[in-house]
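Report on the following structure.
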Protein chains: 2
Amino acid sequence: MSKKITIYDIAKELNITAATVSRALNNNPKISDKTRKLVVETAERMNYKQNKLALALKSGKSNNVGVIVPKINRNFFSTVIKGIEDELYPYGYHVIICQTYDLKEREADNINTLLNAQVDGIFMSISNSMLEDSVIQRVIDKNVPLIFFDRKRDVPGVSSVTIDDFKGGYQATEHLIEQGCRNIVQLSGDRSLEIYQDRLEGYKKALKDHGLKFKEDLVLNCVSSIESGESAVKELLKSNIPFDAIFSSSDFVAVGAIRELKKMGYKIPEDVSVIGFSNEPFTKFMELSVSSVDQAPLEMGKNVARVFLEQVLDANNLKIEKKVVLTPELMIRMSSTKNKMIKKKAI
Amino acid sequence: MSKKITIYDIAKELNITAATVSRALNNNPKISDKTRKLVVETAERMNYKQNKLALALKSGKSNNVGVIVPKINRNFFSTVIKGIEDELYPYGYHVIICQTYDLKEREADNINTLLNAQVDGIFMSISNSMLEDSVIQRVIDKNVPLIFFDRKRDVPGVSSVTIDDFKGGYQATEHLIEQGCRNIVQLSGDRSLEIYQDRLEGYKKALKDHGLKFKEDLVLNCVSSIESGESAVKELLKSNIPFDAIFSSSDFVAVGAIRELKKMGYKIPEDVSVIGFSNEPFTKFMELSVSSVDQAPLEMGKNVARVFLEQVLDANNLKIEKKVVLTPELMIRMSSTKNKMIKKKAI
DNA sequence: TTGTATGCGTTATCAC
DNA sequence: GTGATAACGCATACAA
């Protein structure tokens, strides 16, 4: 095992002092070219690598950021993280990932761990469960940039990057209306979360703008799974409430709904038009490709990183609260396109 | 901004020394219960949090591990990472992620960065591009546990966790043979990678064991994409080589192949049976669900973590080279099931 | 231009 | 039982 070599080792080698080595390695202007060259070469030769930990302790910056998400193996979240990683890598930052499973204990725990690890920033998609504001406050007090993405909470001084869920809901609903649908079901998620609330509001507004009445019994709550979509449709069919379209706030639920409808002999999109939300990769692979609303996860991640960099690179910017709202994109596919003529976009 | 409070602050508060505080906080046996209690309470009250960076510098262990993958937003990799995170979280380890995009510069770069960050372990799915052994050697020299997963390279002293790709290839091929197929195409990946080589060898062996002749022109190289699958089929059809089944080493390629075959009027699985590899989530959502070979990514991640923990927790185990080989699971779905009677498994 | 001394926050090794 | 001090590896204010 090769011993860890430090600036002291290379100082000894050259009969100079560690301070000089440090300066030479950091391109400090007041150092002779000769010494610098010598130091750099020797460092190279001895295969010296800077100990980031010592640097971090010294400078108070770890060059690590923490990302907190419910689960990493969800395409949306892993893609957001990819965006963050892509954007921050050139600046030498690394990403530490934490999963919460939407458990508030884990959420608080993760925040504390990241704080102890002296991360330079924390990015999180907050769960609905009541994470105490005090935990969040601690992050703010420590002056660690905190940025919410996707699921945010309104906290003074905290930036956020989200998509316009209201608009997404509006667009999806309007699209279904344009297809001639009049009784549009909305399969919602946990409405204590802003994102689902906003999608529902967008849905309502679109109905209103097009002279359609909002009916409470066309709104059902689901969890984001295929099974949930199947049972929602079962319930709808049993209740005998007429409907000719489904706007689901989850792609998984949409797929489940489609599956159940087909099983019961309904034709998609002729009898029922369906549109999901998230633009999960599988939606476009399906034989009956599923319309959806793209949440631009890669862009979201990149924007999170950019907001962070702004705060970090510009010292006086520290207190700036920035709210970035990305525009969702309607992906119109086969599951909602009754009239081929008005198809705007494929795949 | 609340000042960072250290053990010195709480020492001053209690008119004792930092060393005592440290001992009290670390449950050092030789400390009076009274003092311990006092310290713990004061620490709590002052909201003290241990600075992991200082601890890391002191101890030489960061409690971070690094994971190096080509891209994080691939279900397989994000799920492996999830497995690692799940398993390591209870031990206080955190995961730092790095992406290589299969670029050898990034790969070497990431290794160096992780080494500088003093991670306690490095887990990587190595790319085929020729990452110099010297880089790997540096990790070994530093005594940092290195574990390969999925795509490994045989390096003395390095553990690995993989699936039995040979078996996966064998099973998939045998399944197609059992369906009555006789001219089975194998759409391979980059054959400089062990995993693809092994799947191909499994394919050959299955053919041999069932008295079928291996034909070189039934093997085509693809990159893992839908488009690649489409063009492979185009090429096959153009060449007029008869075939009645496709075993693809990639699910994406399999989907592309199916798409092209259907477009040309072929029926799946009647005319051509198709099976992919990886068990990507979308394979089971498709209307014509796609058979595939599951690579147990979650288990793979968990096993990586366990091998790591063994090496770390047991000091004398440090040099043990462990090769874990997981068993792939055949997921038989509609795309390859000609005879309903022998369908073994549905989703 | 280079050297000296100090601190970042902990823990460990001595003493007492 | 507790205090004093050194050390982890680095960067920097201050001297020279």
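A note on labels: chains of the structure tokens are A, B, ... as shown, every chain counts residues from 1, and ligands are counted from 1 in their shown order.
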Sorted by chain and rising residue number, list the residues of chain B at most 10 Å from chain C (counting only C-alpha atoms (C1' of nucleotides)), each with its closest atom pair and distance in Å to one decimal, as CSV.
```
residue,atom,partner,partner_atom,distance
B:Ile5,CA,C:DG9,C1',9.8
B:Thr6,CA,C:DG9,C1',6.9
B:Ile7,CA,C:DG9,C1',7.9
B:Tyr8,CA,C:DG9,C1',8.8
B:Ala18,CA,C:DT10,C1',9.5
B:Ala19,CA,C:DT11,C1',8.0
B:Ser22,CA,C:DT11,C1',7.5
B:Arg23,CA,C:DT11,C1',8.6
B:Asn26,CA,C:DT11,C1',9.8
B:Gln50,CA,C:DG9,C1',8.5
B:Asn51,CA,C:DG9,C1',6.6
B:Lys52,CA,C:DT10,C1',8.7
B:Leu53,CA,C:DG9,C1',8.0
B:Ala54,CA,C:DG9,C1',5.0
B:Leu55,CA,C:DT10,C1',5.2
B:Ala56,CA,C:DT10,C1',8.6
B:Leu57,CA,C:DT10,C1',8.3
B:Lys58,CA,C:DT10,C1',6.3
B:Ser59,CA,C:DT11,C1',8.1
```
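When chain A serves as the reference and chain B is fitted to it on all C-alpha atoms, the deviation left is 0.2 Å RMSD.
Taking atom CA of A:Pro145 as the reference point, atom CA of A:Lys104 is found at 20.4 Å.
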With chain A as the partner and 8 Å as the cut-off, tabulate the residues of chain B that qualify, each row holding the nearest pair of atoms and their distance in Å to one decimal, using only C-alpha atoms, sorted by chain and rising number, as a Markdown table.
```
| residue | atom | partner | partner_atom | distance |
| --- | --- | --- | --- | --- |
| B:Met1 | CA | A:Asp141 | CA | 4.5 |
| B:Ser2 | CA | A:Asp141 | CA | 5.3 |
| B:Lys3 | CA | A:Lys142 | CA | 7.3 |
| B:Lys4 | CA | A:Lys142 | CA | 7.4 |
| B:Lys49 | CA | A:Asn116 | CA | 6.3 |
| B:Gln50 | CA | A:Asn116 | CA | 6.1 |
| B:Asn51 | CA | A:Asn116 | CA | 5.3 |
| B:Lys52 | CA | A:Ala117 | CA | 5.1 |
| B:Leu53 | CA | A:Leu57 | CA | 5.9 |
| B:Ala54 | CA | A:Leu57 | CA | 6.1 |
| B:Ala56 | CA | A:Leu53 | CA | 7.1 |
| B:Leu57 | CA | A:Leu53 | CA | 5.8 |
| B:Lys71 | CA | A:Lys82 | CA | 7.6 |
| B:Ile72 | CA | A:Lys82 | CA | 6.1 |
| B:Asn73 | CA | A:Ser78 | CA | 4.9 |
| B:Arg74 | CA | A:Asn75 | CA | 7.7 |
| B:Asn75 | CA | A:Asn73 | CA | 6.3 |
| B:Ser78 | CA | A:Asn73 | CA | 4.9 |
| B:Thr79 | CA | A:Asn73 | CA | 5.1 |
| B:Ile81 | CA | A:Ile72 | CA | 7.8 |
| B:Lys82 | CA | A:Ile72 | CA | 6.1 |
| B:Glu85 | CA | A:Cys98 | CA | 7.7 |
| B:His94 | CA | A:Ile96 | CA | 6.8 |
| B:Val95 | CA | A:Ile96 | CA | 5.6 |
| B:Ile96 | CA | A:Ile96 | CA | 4.5 |
| B:Ile97 | CA | A:Val95 | CA | 6.0 |
| B:Cys98 | CA | A:His94 | CA | 7.6 |
| B:Gln99 | CA | A:Glu85 | CA | 7.9 |
| B:Asn116 | CA | A:Asn51 | CA | 5.2 |
| B:Ala117 | CA | A:Lys52 | CA | 5.1 |
| B:Gln118 | CA | A:Leu53 | CA | 7.0 |
| B:Ile140 | CA | A:Met1 | CA | 7.6 |
| B:Asp141 | CA | A:Met1 | CA | 4.5 |
| B:Lys142 | CA | A:Met1 | CA | 5.5 |
| B:Asn143 | CA | A:Met1 | CA | 6.0 |
| B:Val255 | CA | A:Phe285 | CA | 7.8 |
| B:Pro281 | CA | A:Phe282 | CA | 7.6 |
| B:Phe282 | CA | A:Phe282 | CA | 4.9 |
| B:Phe285 | CA | A:Met286 | CA | 7.2 |
| B:Met286 | CA | A:Met286 | CA | 4.8 |
| B:Glu287 | CA | A:Glu287 | CA | 5.9 |
| B:Leu288 | CA | A:Glu287 | CA | 7.3 |
```
| field | strand (DSSP E) per DSSP on the backbone: members of stretch 244-277 of chain B, as a ChimeraX atom specification | value | /B:245-248,273-275
